[in-house]
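> Structure file protein-v4.cif, mmCIF, C-alpha atoms, is pasted below:
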```cif
data_coords
loop_
_atom_site.label_atom_id
_atom_site.label_comp_id
_atom_site.auth_asym_id
_atom_site.auth_seq_id
_atom_site.Cartn_x
_atom_site.Cartn_y
_atom_site.Cartn_z
CA PRO S 1 -148.83 -54.60 -37.49
CA GLN S 2 -149.47 -56.87 -40.44
CA CYS S 3 -146.74 -58.70 -42.33
CA ASP S 4 -146.99 -56.50 -45.45
CA GLN S 5 -146.78 -53.40 -43.27
CA VAL S 6 -143.35 -54.48 -42.03
CA ILE S 7 -141.83 -56.15 -45.10
CA ILE S 8 -141.22 -53.87 -48.10
CA GLU S 9 -139.87 -56.54 -50.46
CA CYS S 10 -138.03 -59.85 -50.51
CA GLN S 11 -135.92 -61.80 -52.98
CA ILE S 12 -135.15 -65.54 -53.18
CA GLY S 13 -131.68 -66.20 -54.54
CA ARG S 14 -131.25 -64.52 -57.92
CA GLU S 15 -134.96 -64.33 -58.68
CA ALA S 16 -136.75 -61.05 -59.24
CA PRO S 17 -137.71 -59.13 -56.07
CA GLN S 18 -141.29 -59.47 -54.84
CA ASP S 19 -143.37 -56.87 -53.05
CA GLY S 20 -144.23 -57.22 -49.39
CA LYS S 21 -147.76 -58.58 -49.90
CA THR S 22 -146.66 -61.35 -52.28
CA CYS S 23 -143.69 -62.16 -50.09
CA CYS S 24 -145.86 -62.56 -46.99
CA GLN S 25 -148.30 -64.83 -48.80
CA GLN S 26 -145.67 -67.16 -50.25
CA LEU S 27 -142.95 -67.28 -47.61
CA PHE S 28 -144.40 -66.34 -44.21
CA ASP S 29 -147.13 -67.82 -42.03
CA ALA S 30 -150.37 -65.87 -42.01
CA LYS S 31 -150.66 -65.94 -38.21
CA PRO S 32 -148.34 -63.55 -36.35
CA HIS S 33 -146.93 -64.39 -32.93
CA LEU S 34 -146.69 -61.92 -30.10
CA THR S 35 -143.39 -62.26 -28.22
CA GLN S 36 -141.44 -60.21 -25.71
CA GLN S 37 -139.56 -58.61 -28.62
CA GLY S 38 -142.80 -57.65 -30.38
CA THR S 39 -144.79 -59.11 -33.25
CA CYS S 40 -143.01 -62.03 -34.88
CA PHE S 41 -143.54 -63.45 -38.40
CA ALA S 42 -142.18 -66.96 -39.01
CA THR S 43 -141.24 -68.41 -42.37
CA LYS S 44 -143.02 -71.51 -43.64
CA SER S 45 -141.47 -74.88 -42.90
CA GLN S 46 -140.91 -75.75 -46.59
CA PHE S 47 -138.92 -72.59 -47.21
CA PRO S 48 -135.84 -73.32 -49.45
CA ILE S 49 -133.16 -71.89 -47.19
CA SER S 50 -130.33 -73.16 -49.41
CA ALA S 51 -131.28 -70.68 -52.18
CA GLY S 52 -130.78 -67.67 -49.91
CA LEU S 53 -133.21 -64.93 -48.93
CA THR S 54 -133.03 -61.14 -48.83
CA VAL S 55 -135.71 -59.31 -46.81
CA THR S 56 -136.12 -55.53 -46.65
CA THR S 57 -138.17 -54.21 -43.73
CA GLN S 58 -139.34 -50.78 -42.63
CA HIS S 59 -139.73 -49.56 -39.07
CA GLU S 60 -141.08 -46.58 -37.24
CA GLN S 61 -138.48 -44.16 -36.10
CA VAL S 62 -138.62 -43.99 -32.30
CA ILE S 63 -136.72 -41.16 -30.69
CA MET S 64 -135.52 -42.00 -27.18
CA ASP S 65 -133.63 -39.92 -24.69
CA SER S 66 -130.44 -41.82 -23.96
CA GLU S 67 -130.29 -40.26 -20.49
CA ILE S 68 -133.70 -41.67 -19.52
CA ALA S 69 -134.07 -44.87 -21.54
CA SER S 70 -132.14 -47.91 -20.42
CA GLN S 71 -129.47 -49.54 -22.52
CA ASP S 72 -131.74 -52.53 -23.13
CA MET S 73 -134.45 -50.29 -24.61
CA LEU S 74 -131.96 -48.52 -26.87
CA SER S 75 -130.45 -51.78 -28.12
CA ALA S 76 -133.89 -53.34 -28.69
CA GLN S 77 -134.73 -50.95 -31.54
CA GLY S 78 -134.89 -52.37 -35.02
CA ILE S 79 -135.55 -56.04 -35.75
CA ALA S 80 -134.75 -59.28 -33.95
CA PHE S 81 -134.36 -62.54 -35.86
CA ALA S 82 -133.49 -66.14 -35.04
CA VAL S 83 -132.62 -69.12 -37.24
CA VAL S 84 -133.90 -72.27 -35.52
CA ASP S 85 -135.57 -75.59 -36.21
CA SER S 86 -139.33 -75.77 -36.76
CA ASN S 87 -140.06 -77.36 -33.36
CA ILE S 88 -138.96 -74.25 -31.44
CA SER S 89 -141.64 -71.65 -30.76
CA PRO S 90 -141.02 -68.01 -31.83
CA GLY S 91 -140.93 -66.80 -28.24
CA ALA S 92 -138.37 -69.40 -27.19
CA ALA S 93 -136.35 -68.87 -30.38
CA LEU S 94 -136.01 -65.11 -29.92
CA ARG S 95 -135.22 -65.45 -26.24
CA THR S 96 -132.48 -68.08 -26.65
CA HIS S 97 -131.13 -67.45 -30.18
CA GLY S 98 -132.33 -63.92 -31.01
CA VAL S 99 -130.02 -61.39 -32.71
CA THR S 100 -130.97 -57.70 -32.90
CA VAL S 101 -130.15 -55.48 -35.88
CA GLN S 102 -130.39 -51.69 -35.58
CA PRO S 103 -132.24 -49.54 -38.17
CA ASP S 104 -130.46 -48.31 -41.32
CA THR S 105 -128.32 -51.45 -41.38
CA PHE S 106 -127.48 -53.95 -44.11
CA ALA S 107 -126.89 -57.35 -42.43
CA THR S 108 -125.32 -60.25 -44.33
CA ILE S 109 -125.96 -63.44 -42.35
CA GLY S 110 -124.16 -66.71 -43.08
CA ILE S 111 -125.87 -69.90 -41.88
CA SER S 112 -124.20 -73.25 -41.10
CA PRO S 113 -126.47 -76.15 -40.04
CA THR S 114 -125.31 -78.90 -37.69
CA LYS S 115 -127.34 -81.98 -36.76
CA VAL S 116 -126.76 -83.48 -33.30
CA ASP S 117 -127.84 -87.09 -32.67
CA ASN S 118 -128.02 -88.21 -29.01
CA SER S 119 -130.23 -91.27 -29.58
CA ASP S 120 -127.57 -93.82 -28.54
CA LEU S 121 -127.02 -92.11 -25.17
CA SER S 122 -130.51 -93.12 -24.00
CA ILE S 123 -129.64 -96.85 -24.21
CA SER S 124 -126.14 -96.65 -22.76
CA LEU S 125 -125.31 -98.76 -19.68
CA ILE S 126 -122.68 -96.25 -18.55
CA GLY S 127 -123.56 -92.56 -18.27
CA ARG S 128 -127.12 -92.97 -19.57
CA GLN S 129 -128.83 -89.70 -20.55
CA SER S 130 -132.54 -89.53 -21.23
CA CYS S 131 -133.67 -87.63 -24.30
CA PHE S 132 -136.95 -86.87 -26.03
CA GLU S 133 -137.76 -88.60 -29.30
CA ALA S 134 -140.55 -87.71 -31.71
CA GLY S 135 -143.73 -89.41 -30.54
CA ASP S 136 -142.79 -89.61 -26.86
CA HIS S 137 -145.26 -88.34 -24.30
CA ILE S 138 -144.35 -85.15 -22.48
CA ASP S 139 -146.18 -83.53 -19.58
CA SER S 140 -148.05 -80.36 -20.44
CA HIS S 141 -146.17 -78.25 -17.89
CA LEU S 142 -142.88 -79.04 -19.71
CA ASN S 143 -144.21 -77.53 -22.95
CA MET S 144 -146.56 -74.86 -21.64
CA ASN S 145 -148.82 -73.33 -24.37
CA GLN S 146 -146.39 -74.38 -27.13
CA GLY S 147 -147.81 -77.76 -28.16
CA GLU S 148 -148.50 -76.70 -31.75
CA PHE S 149 -144.75 -76.41 -32.43
CA GLY S 150 -143.74 -79.68 -30.79
CA TYR S 151 -141.33 -80.23 -27.93
CA SER S 152 -137.83 -78.80 -27.60
CA ARG S 153 -135.61 -78.02 -24.64
CA GLU S 154 -135.82 -74.31 -25.52
CA ASN S 155 -139.63 -74.49 -25.38
CA CYS S 156 -139.48 -76.20 -22.00
CA MET S 157 -137.17 -73.58 -20.49
CA PHE S 158 -139.24 -70.76 -21.93
CA GLY S 159 -142.50 -72.43 -20.83
CA LYS S 160 -141.48 -72.37 -17.16
CA MET S 161 -141.87 -68.60 -17.21
CA ASP S 162 -145.37 -69.01 -18.61
CA LEU S 163 -146.11 -71.71 -16.02
CA LEU S 164 -145.46 -69.14 -13.29
CA ALA S 165 -147.71 -66.59 -14.97
CA THR S 166 -150.51 -69.09 -15.58
CA SER S 167 -150.42 -70.50 -12.04
CA LEU S 168 -150.02 -67.23 -10.13
CA LEU S 169 -151.54 -64.54 -12.39
CA ASP S 170 -154.00 -66.60 -14.49
CA CYS S 171 -152.59 -65.14 -17.73
CA SER S 172 -150.13 -66.11 -20.45
CA PHE S 173 -147.02 -64.47 -21.91
CA VAL S 174 -146.64 -66.90 -24.80
CA LEU S 175 -149.56 -67.10 -27.22
CA THR S 176 -152.68 -65.11 -28.03
CA ASN S 177 -154.81 -68.03 -29.22
CA THR S 178 -155.10 -69.85 -25.88
CA SER S 179 -158.07 -69.94 -23.56
CA THR S 180 -156.00 -68.08 -20.98
CA GLN S 181 -156.01 -64.31 -21.38
CA ARG S 182 -152.94 -62.37 -22.36
CA CYS S 183 -150.95 -60.88 -19.48
CA SER S 184 -151.53 -57.15 -19.15
CA PRO S 185 -148.83 -54.56 -18.41
CA VAL S 186 -149.95 -54.62 -14.77
CA ASN S 187 -149.44 -58.39 -14.65
CA SER S 188 -146.03 -58.00 -16.28
CA ASN S 189 -145.03 -55.42 -13.69
CA VAL S 190 -146.08 -57.69 -10.83
CA TYR S 191 -144.22 -60.62 -12.37
CA SER S 192 -141.07 -58.56 -12.90
CA ASN S 193 -141.09 -57.20 -9.34
CA SER S 194 -141.61 -60.69 -7.92
CA PHE S 195 -139.11 -62.77 -9.89
CA LEU S 196 -136.83 -60.58 -12.04
CA THR S 197 -135.54 -58.07 -9.50
CA THR S 198 -133.21 -58.60 -6.57
CA HIS S 199 -135.27 -56.49 -4.16
CA PRO S 200 -139.02 -56.69 -4.94
CA SER S 201 -140.70 -53.28 -4.74
CA SER S 202 -144.23 -54.69 -4.65
CA PRO S 203 -145.73 -54.86 -1.14
CA ASN S 204 -147.28 -58.26 -1.94
CA PRO S 205 -144.90 -60.15 -4.24
CA LEU S 206 -145.95 -63.42 -5.78
CA LYS S 207 -144.91 -66.55 -3.89
CA ILE S 208 -144.34 -69.92 -5.51
CA SER S 209 -145.22 -71.70 -2.28
CA SER S 210 -148.81 -70.42 -2.55
CA VAL S 211 -149.53 -73.05 -5.24
CA PRO S 212 -148.98 -76.66 -4.07
CA GLY S 213 -146.62 -78.64 -6.30
CA LEU S 214 -145.55 -75.64 -8.39
CA GLN S 215 -141.97 -75.68 -7.10
CA ASN S 216 -141.58 -79.36 -8.05
CA LYS S 217 -142.73 -78.62 -11.61
CA LEU S 218 -140.27 -75.75 -11.90
CA ASP S 219 -137.40 -77.88 -10.58
CA GLU S 220 -138.14 -80.72 -13.01
CA GLU S 221 -135.35 -81.00 -15.56
CA CYS S 222 -136.13 -80.44 -19.23
CA PRO S 223 -135.02 -83.47 -21.28
CA GLU S 224 -132.69 -82.99 -24.21
CA ASP S 225 -133.80 -83.60 -27.79
CA CYS S 226 -132.51 -86.88 -29.24
CA LEU S 227 -132.32 -85.27 -32.67
CA GLN S 228 -131.84 -81.55 -33.08
CA THR S 229 -130.55 -79.22 -35.76
CA ARG S 230 -128.53 -76.21 -34.70
CA TYR S 231 -127.76 -73.24 -36.92
CA SER S 232 -124.59 -71.24 -36.44
CA ILE S 233 -124.86 -67.72 -37.82
CA SER S 234 -122.12 -65.24 -38.69
CA PRO S 235 -123.62 -61.76 -39.27
CA ILE S 236 -121.73 -58.95 -40.97
CA LEU S 237 -123.26 -55.49 -40.42
CA ALA S 238 -122.87 -52.35 -42.53
CA ASP S 239 -124.71 -49.04 -42.86
CA LEU S 240 -127.24 -48.58 -45.64
CA SER S 241 -126.01 -46.32 -48.42
CA ASP S 242 -127.90 -43.17 -49.38
CA SER S 243 -128.45 -44.50 -52.90
CA PHE S 244 -130.12 -47.60 -51.55
CA LYS S 245 -132.41 -45.52 -49.33
CA GLN S 246 -133.30 -43.34 -52.30
CA GLY S 247 -134.37 -46.45 -54.22
CA LEU S 248 -136.69 -47.46 -51.38
CA ARG S 249 -138.57 -44.16 -51.26
CA ASP S 250 -140.78 -45.15 -54.17
CA LYS S 251 -141.75 -48.42 -52.44
CA VAL S 252 -143.00 -46.95 -49.15
CA PRO S 253 -146.20 -44.97 -48.60
CA SER S 254 -145.97 -41.26 -49.29
CA GLY S 255 -145.04 -39.25 -46.26
CA ALA S 256 -143.44 -42.19 -44.49
CA GLY S 257 -139.79 -41.94 -43.59
CA VAL S 258 -137.34 -44.53 -44.84
CA ASN S 259 -136.07 -46.32 -41.73
CA ALA S 260 -135.18 -49.67 -43.26
CA ILE S 261 -133.23 -52.82 -42.44
CA VAL S 262 -131.98 -55.30 -45.04
CA LEU S 263 -131.36 -58.92 -43.98
CA LYS S 264 -129.56 -61.14 -46.47
CA PHE S 265 -129.49 -64.81 -45.46
CA TYR S 266 -127.28 -67.32 -47.27
CA MET S 267 -125.69 -70.71 -46.64
CA SER S 268 -122.07 -70.10 -45.75
CA SER S 269 -121.26 -73.69 -46.70
CA MET S 270 -123.12 -76.49 -48.45
CA ASP S 271 -121.59 -79.02 -46.05
CA TYR S 272 -124.06 -80.54 -43.59
CA THR S 273 -122.32 -81.48 -40.36
CA VAL S 274 -123.69 -84.43 -38.36
CA ILE S 275 -122.49 -85.01 -34.78
CA LYS S 276 -123.44 -88.42 -33.39
CA ASN S 277 -122.72 -88.84 -29.68
CA ARG S 278 -122.04 -92.46 -28.80
CA PRO S 279 -121.94 -94.06 -25.33
CA GLN S 280 -118.62 -94.81 -23.71
CA PRO S 281 -117.40 -98.39 -24.41
CA PHE S 282 -117.09 -100.69 -21.42
CA LEU S 283 -113.38 -101.39 -22.01
CA GLN S 284 -112.64 -97.67 -22.11
CA PHE S 285 -114.54 -97.23 -18.85
CA VAL S 286 -112.50 -100.01 -17.20
CA ALA S 287 -109.28 -98.52 -18.58
CA GLU S 288 -110.11 -95.09 -17.15
CA ILE S 289 -110.95 -96.55 -13.73
CA GLY S 290 -107.71 -98.51 -13.75
CA GLY S 291 -105.72 -95.44 -14.74
CA ILE S 292 -107.24 -93.34 -11.96
CA MET S 293 -106.60 -96.04 -9.35
CA ALA S 294 -103.03 -96.53 -10.57
CA PHE S 295 -102.43 -92.78 -10.38
CA PHE S 296 -103.90 -92.17 -6.91
CA LEU S 297 -103.52 -95.57 -5.19
CA GLY S 298 -100.65 -97.19 -7.07
CA ILE S 299 -102.67 -100.31 -7.94
CA SER S 300 -104.02 -101.69 -11.19
CA VAL S 301 -106.83 -103.96 -12.29
CA ILE S 302 -104.51 -106.98 -12.21
CA THR S 303 -103.65 -106.17 -8.60
CA LEU S 304 -107.34 -106.07 -7.76
CA ILE S 305 -107.85 -109.48 -9.39
CA GLU S 306 -104.97 -110.91 -7.35
CA CYS S 307 -106.41 -109.43 -4.16
CA CYS S 308 -109.81 -110.95 -4.94
CA CYS S 309 -108.26 -114.35 -5.60
CA TYR S 310 -106.28 -114.20 -2.36
CA CYS S 311 -109.35 -113.17 -0.37
CA GLY S 312 -111.34 -116.01 -1.93
CA PHE S 313 -108.58 -118.51 -1.08
CA CYS S 314 -108.48 -117.30 2.53
CA MET S 315 -112.25 -117.56 2.86
CA LYS S 316 -112.16 -121.06 1.42
CA ARG S 317 -109.49 -122.14 3.95
CA LYS S 318 -111.52 -120.65 6.76
CA CYS S 319 -114.78 -122.25 5.69
CA VAL S 320 -113.60 -125.62 4.30
CA GLY S 321 -110.35 -126.01 6.20
CA ASP S 322 -108.33 -127.76 3.46
CA GLY S 323 -105.06 -125.95 3.96
CA PRO S 324 -101.69 -127.74 4.35
CA ALA S 325 -101.86 -127.82 8.17
CA GLU S 326 -105.43 -129.09 8.19
CA VAL S 327 -104.67 -131.78 5.59
CA GLN S 328 -101.68 -133.02 7.60
CA GLN S 329 -103.82 -133.00 10.74
CA LYS S 330 -106.52 -135.00 8.99
CA ARG S 331 -103.99 -137.53 7.73
CA GLY S 332 -102.30 -137.86 11.11
CA PRO S 333 -98.73 -139.16 11.81
CA GLN S 334 -97.44 -141.95 9.59
CA VAL S 335 -97.44 -145.31 11.47
CA ARG S 336 -95.14 -148.12 10.34
CA GLY S 337 -96.38 -151.68 10.54
CA PRO S 338 -94.40 -154.96 10.88
CA GLU S 339 -94.25 -155.49 7.13
CA SER S 340 -92.67 -152.11 6.48
CA GLU S 341 -89.99 -152.71 9.16
CA THR S 342 -89.08 -156.10 7.62
CA VAL S 343 -88.63 -154.56 4.20
CA ILE S 344 -86.35 -151.85 5.56
CA GLU S 345 -84.23 -154.39 7.46
CA GLN S 346 -83.77 -156.53 4.33
CA GLU S 347 -82.67 -153.51 2.34
CA ARG S 348 -80.16 -152.58 5.01
CA THR S 349 -78.68 -156.14 5.07
CA ARG S 350 -78.37 -156.19 1.26
CA TRP S 351 -76.55 -152.82 1.24
CA THR S 352 -74.14 -154.10 3.95
CA GLU S 353 -73.25 -157.29 2.05
CA GLU S 354 -72.68 -155.36 -1.16
CA TYR S 355 -70.38 -152.97 0.68
CA LYS S 356 -68.35 -155.84 2.20
CA ARG S 357 -68.05 -157.54 -1.19
CA GLU S 358 -66.83 -154.31 -2.76
CA MET S 359 -64.20 -153.82 -0.05
CA GLN S 360 -62.95 -157.39 -0.48
CA GLU S 361 -62.54 -156.93 -4.21
CA ARG S 362 -60.56 -153.70 -3.70
CA ALA S 363 -58.30 -155.44 -1.14
CA GLN S 364 -57.59 -158.33 -3.52
CA GLN S 365 -56.76 -155.91 -6.29
CA LEU S 366 -54.34 -153.99 -4.07
CA GLU S 367 -52.56 -157.27 -3.06
CA ALA S 368 -52.23 -158.29 -6.69
CA ASN S 369 -50.73 -154.95 -7.61
CA ALA S 370 -48.26 -155.09 -4.70
CA SER S 371 -46.99 -158.62 -5.58
CA ARG S 372 -46.47 -157.57 -9.19
CA TYR S 373 -44.25 -154.67 -8.15
CA VAL S 374 -42.22 -156.92 -5.81
CA ASN S 375 -41.49 -159.42 -8.56
#
```
Here is a file; write its structure as C-alpha cells.

Amino acid sequence: PQCDQVIIECQIGREAPQDGKTCCQQLFDAKPHLTQQGTCFATKSQFPISAGLTVTTQHEQVIMDSEIASQDMLSAQGIAFAVVDSNISPGAALRTHGVTVQPDTFATIGISPTKVDNSDLSISLIGRQSCFEAGDHIDSHLNMNQGEFGYSRENCMFGKMDLLATSLLDCSFVLTNTSTQRCSPVNSNVYSNSFLTTHPSSPNPLKISSVPGLQNKLDEECPEDCLQTRYSISPILADLSDSFKQGLRDKVPSGAGVNAIVLKFYMSSMDYTVIKNRPQPFLQFVAEIGGIMAFFLGISVITLIECCCYCGFCMKRKCVGDGPAEVQQKRGPQVRGPESETVIEQERTRWTEEYKREMQERAQQLEANASRYVN
C-alpha cells in the first residue's frame, strides 16, 4: 500500500488537520520499507517532534478464527510503531522497540528522550568498553544491508538474521532495494524450520557449518554506540467513540468500512535527560580491592605494603648479607692493643687513689666529731 492509502489525516500540534496525501509529502519519507510487521513509513529526520503529532490511519478489517489463528497473528492486527533515533533501521526499530495498537483504538503516547554518552568508557584504564563513534569503520557483516541508516547496536543484532539468510539462502529479509533478491515465503519457511523452532520439521535444515567463517561472524559482539538517544514511551489506550467514527466516514472512500486507529504523540516532559557514564577512578578501584580483601582475608592495603617491605628486606639480607650477624662477623672480635691496656690501668689507679683519699677525709671528720663530744 501507499502512504496516502494508509494515512487518512494528520495534525501537527494545534495546526489545522491535513489530508493523507499532504501529510505523506511533508512528514513522511517517500520510500516505504518492507519489514516483518508489514509496510513501514518513516517520518523525516527534521520532523518537529516537540510540537506533537496526531495521525489517523485506516486498515482493512481481517476476520480471523481465534481457534485456528495463533495468538501472535491475532495480536499483530492493527498498526505497529516505534520511536527511535534516525540511525536505527525500520526493521530493527520495530523488532526491538515496536508497540502494536489494535484497530478502533485511540492511543495517546507520551515520549521522554534520554541521551546516553559512553565516550569516556572507551579510554578508561580500568573496565574499558569499546564503543562505536560516528566516522569509525565497521565491517559490513555487522551492519548487513542497513548502511544507509548508519550503525547502531540494534541494526547489528537485526542484521545477523539477514546475514544467515544471505549466506545460506541467497536472499534478504531487510530491504527491497539491494542487489540480493527478497526472501520468498518458501525461503522464510525454510529459515523458520532451521533456526526458529526447537525441532526442525524440514528434512534438510540449514547448517551454519556449511559456510566457512559464518559462525565466527555470528559470534562477533556488536559494539555499543558511544552516543545514543533513547525514547521512553508511555501509551494510554482507549476505544474510538462512535461520534469520532462517524466524522471519519466522509474522509474515506465510499464503500470502505471505517476501521481506524488514532495515534497522538506528544512530549511528556520538556526536560532532556543526559546520562554520561564515566570510568571508575583509580582510588575508588584501590579502595574496593582493599575492602574486599579486608572482608575475606582480614588484611588491608597497609598490611600488603608492610609485607612487601619485609619481603624486600629479607631478599636484601639474603643477596647482600648486611644483617646484624653478618656485620659483626665482618668486623670480627675486638682486639685490645698495648696502648688501650695502659689507659685502662691508669684509670683504675686514679679511681683507687681518689677512693682512698675520700676514706681518709671521712675518717678525719669522724675523729674530729668524736673529740668534740668528749670535751
> Identify which of the residues S:Cys23, S:Ile68, S:Leu121, S:Leu168 lies closest to Val6 (chain S), counting only C-alpha atoms when measuring atom-to-atom distances.
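Under the stated criterion, the closest residue is S:Cys23.
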> For region 155-160 of chain S, work out the shell of residues within 6 Å, counting only C-alpha atoms and skipping chain neighbours fewer than 3 positions away, then give it as JSON, numbers by chain.
{"S": [92, 142, 143, 144, 152, 163]}
> Might you pull out every residue within 8 Å of Thr108 (chain S), with only C-alpha atoms counted and same-chain residues fewer than 4 positions away left off, and present them as an MDAnalysis selection string?
chainID S and resid 235:237 263:266
> Output C-alpha atoms of each residue in that selection to a file, as a JSON list (two decimals), in the frame of the given file.

```
[["chain", "number", "residue", "atom", "x", "y", "z"],
["S", 235, "PRO", "CA", -123.62, -61.76, -39.27],
["S", 236, "ILE", "CA", -121.73, -58.95, -40.97],
["S", 237, "LEU", "CA", -123.26, -55.49, -40.42],
["S", 263, "LEU", "CA", -131.36, -58.92, -43.98],
["S", 264, "LYS", "CA", -129.56, -61.14, -46.47],
["S", 265, "PHE", "CA", -129.49, -64.81, -45.46],
["S", 266, "TYR", "CA", -127.28, -67.32, -47.27]]
```
> What does the PyMOL selection byres ((chain S and resi 132) around 6) select in this file, as a ChimeraX atom specification?
/S:131,133,225-226
> Using only C-alpha atoms, pick whichever of S:Gln146, S:Ser209, S:Ser188, S:Gln26 has the shortest atom-to-atom distance to Pro90 (chain S).
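Among the listed residues, the smallest separation from Pro90 (chain S) belongs to S:Gln146.
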> Going by the chain IDs and residue numbers used in this file, which residues fall under the PyMOL selection byres ((chain S and resi 130) around 12)? Write them as a PyMOL selection string.
chain S and resi 118-125+127-129+131-133+136+221-226
> What gap, in Å, lies between CA of Thr273 (chain S) and CA of Tyr231 (chain S)?
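Value for the CA of Thr273 (chain S)-CA of Tyr231 (chain S) distance: 10.5 Å.
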> Can you list, as a list in words, the residues that the PyMOL selection byres ((chain S and resi 25) around 12) selects here?
Gln2, Cys3, Asp4, Ile7, Glu9, Cys10, Gln18, Asp19, Gly20, Lys21, Thr22, Cys23, Cys24, Gln26, Leu27, Phe28, Asp29, Ala30, Lys31, Phe41, Ala42, Thr43 and Lys44 of chain S
> So that I can see what lies close to Thr303 (chain S), please list as an NGL selection string the residues with an atom at most 12 Å from it, counting only C-alpha atoms and leaving out residues fewer than 6 positions away in the same chain.
:S and (290 or 293-294 or 297 or 309-310)
> Leu164 (chain S): which residues within 12 Å, counting all atoms listed in the file, same-chain residues fewer than 3 positions away excluded, as a PyMOL selection string?
chain S and resi 141+144+157-161+167-174+183+187-188+190-192+194-195+206-211+213-215+217-218
> Next, the residues of the selection above should be written as a PDB file, in the coordinates of the input with C-alpha atoms.

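And here is the file that came out, again-v5.pdb:
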```pdb
ATOM      1  CA  HIS S 141    -146.170 -78.250 -17.890  1.00  0.00           C
ATOM      2  CA  MET S 144    -146.560 -74.860 -21.640  1.00  0.00           C
ATOM      3  CA  MET S 157    -137.170 -73.580 -20.490  1.00  0.00           C
ATOM      4  CA  PHE S 158    -139.240 -70.760 -21.930  1.00  0.00           C
ATOM      5  CA  GLY S 159    -142.500 -72.430 -20.830  1.00  0.00           C
ATOM      6  CA  LYS S 160    -141.480 -72.370 -17.160  1.00  0.00           C
ATOM      7  CA  MET S 161    -141.870 -68.600 -17.210  1.00  0.00           C
ATOM      8  CA  SER S 167    -150.420 -70.500 -12.040  1.00  0.00           C
ATOM      9  CA  LEU S 168    -150.020 -67.230 -10.130  1.00  0.00           C
ATOM     10  CA  LEU S 169    -151.540 -64.540 -12.390  1.00  0.00           C
ATOM     11  CA  ASP S 170    -154.000 -66.600 -14.490  1.00  0.00           C
ATOM     12  CA  CYS S 171    -152.590 -65.140 -17.730  1.00  0.00           C
ATOM     13  CA  SER S 172    -150.130 -66.110 -20.450  1.00  0.00           C
ATOM     14  CA  PHE S 173    -147.020 -64.470 -21.910  1.00  0.00           C
ATOM     15  CA  VAL S 174    -146.640 -66.900 -24.800  1.00  0.00           C
ATOM     16  CA  CYS S 183    -150.950 -60.880 -19.480  1.00  0.00           C
ATOM     17  CA  ASN S 187    -149.440 -58.390 -14.650  1.00  0.00           C
ATOM     18  CA  SER S 188    -146.030 -58.000 -16.280  1.00  0.00           C
ATOM     19  CA  VAL S 190    -146.080 -57.690 -10.830  1.00  0.00           C
ATOM     20  CA  TYR S 191    -144.220 -60.620 -12.370  1.00  0.00           C
ATOM     21  CA  SER S 192    -141.070 -58.560 -12.900  1.00  0.00           C
ATOM     22  CA  SER S 194    -141.610 -60.690  -7.920  1.00  0.00           C
ATOM     23  CA  PHE S 195    -139.110 -62.770  -9.890  1.00  0.00           C
ATOM     24  CA  LEU S 206    -145.950 -63.420  -5.780  1.00  0.00           C
ATOM     25  CA  LYS S 207    -144.910 -66.550  -3.890  1.00  0.00           C
ATOM     26  CA  ILE S 208    -144.340 -69.920  -5.510  1.00  0.00           C
ATOM     27  CA  SER S 209    -145.220 -71.700  -2.280  1.00  0.00           C
ATOM     28  CA  SER S 210    -148.810 -70.420  -2.550  1.00  0.00           C
ATOM     29  CA  VAL S 211    -149.530 -73.050  -5.240  1.00  0.00           C
ATOM     30  CA  GLY S 213    -146.620 -78.640  -6.300  1.00  0.00           C
ATOM     31  CA  LEU S 214    -145.550 -75.640  -8.390  1.00  0.00           C
ATOM     32  CA  GLN S 215    -141.970 -75.680  -7.100  1.00  0.00           C
ATOM     33  CA  LYS S 217    -142.730 -78.620 -11.610  1.00  0.00           C
ATOM     34  CA  LEU S 218    -140.270 -75.750 -11.900  1.00  0.00           C
TER      35      LEU S 218
END
```
> Give me the residues near Ala260 (chain S) as JSON, numbers by chain, where near means some atom within 6 Å (using all atoms listed in the file) and where sequence neighbours in that chain fewer than 3 positions away do not count.
{"S": [57, 58, 103, 104]}
> Write a file of the selected residues as a short mmCIF file (atom, residue, chain, number, x, y, z; two decimals), in the frame of the given file, keeping C-alpha atoms.

```cif
data_model
loop_
_atom_site.label_atom_id
_atom_site.label_comp_id
_atom_site.auth_asym_id
_atom_site.auth_seq_id
_atom_site.Cartn_x
_atom_site.Cartn_y
_atom_site.Cartn_z
CA THR S 57 -138.17 -54.21 -43.73
CA GLN S 58 -139.34 -50.78 -42.63
CA PRO S 103 -132.24 -49.54 -38.17
CA ASP S 104 -130.46 -48.31 -41.32
#
```
> What separation in Å, quoted to one decimal, exists between CA of Lys276 (chain S) and CA of Ile88 (chain S)?
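According to the coordinates, CA of Lys276 (chain S) and CA of Ile88 (chain S) are separated by 21.1 Å.
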> What does the structure give for the distance between CA of Lys115 (chain S) and CA of Thr54 (chain S), in Å to one decimal?
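We find that CA of Lys115 (chain S) and CA of Thr54 (chain S) lie 24.7 Å from each other.
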> Show me as number ranges by chain the residues that reach within 10 Å of (-130.9, -67.5, -30.7), counting only C-alpha atoms and using the file's own coordinates.
S: 80-84, 92-99, 154, 230-233
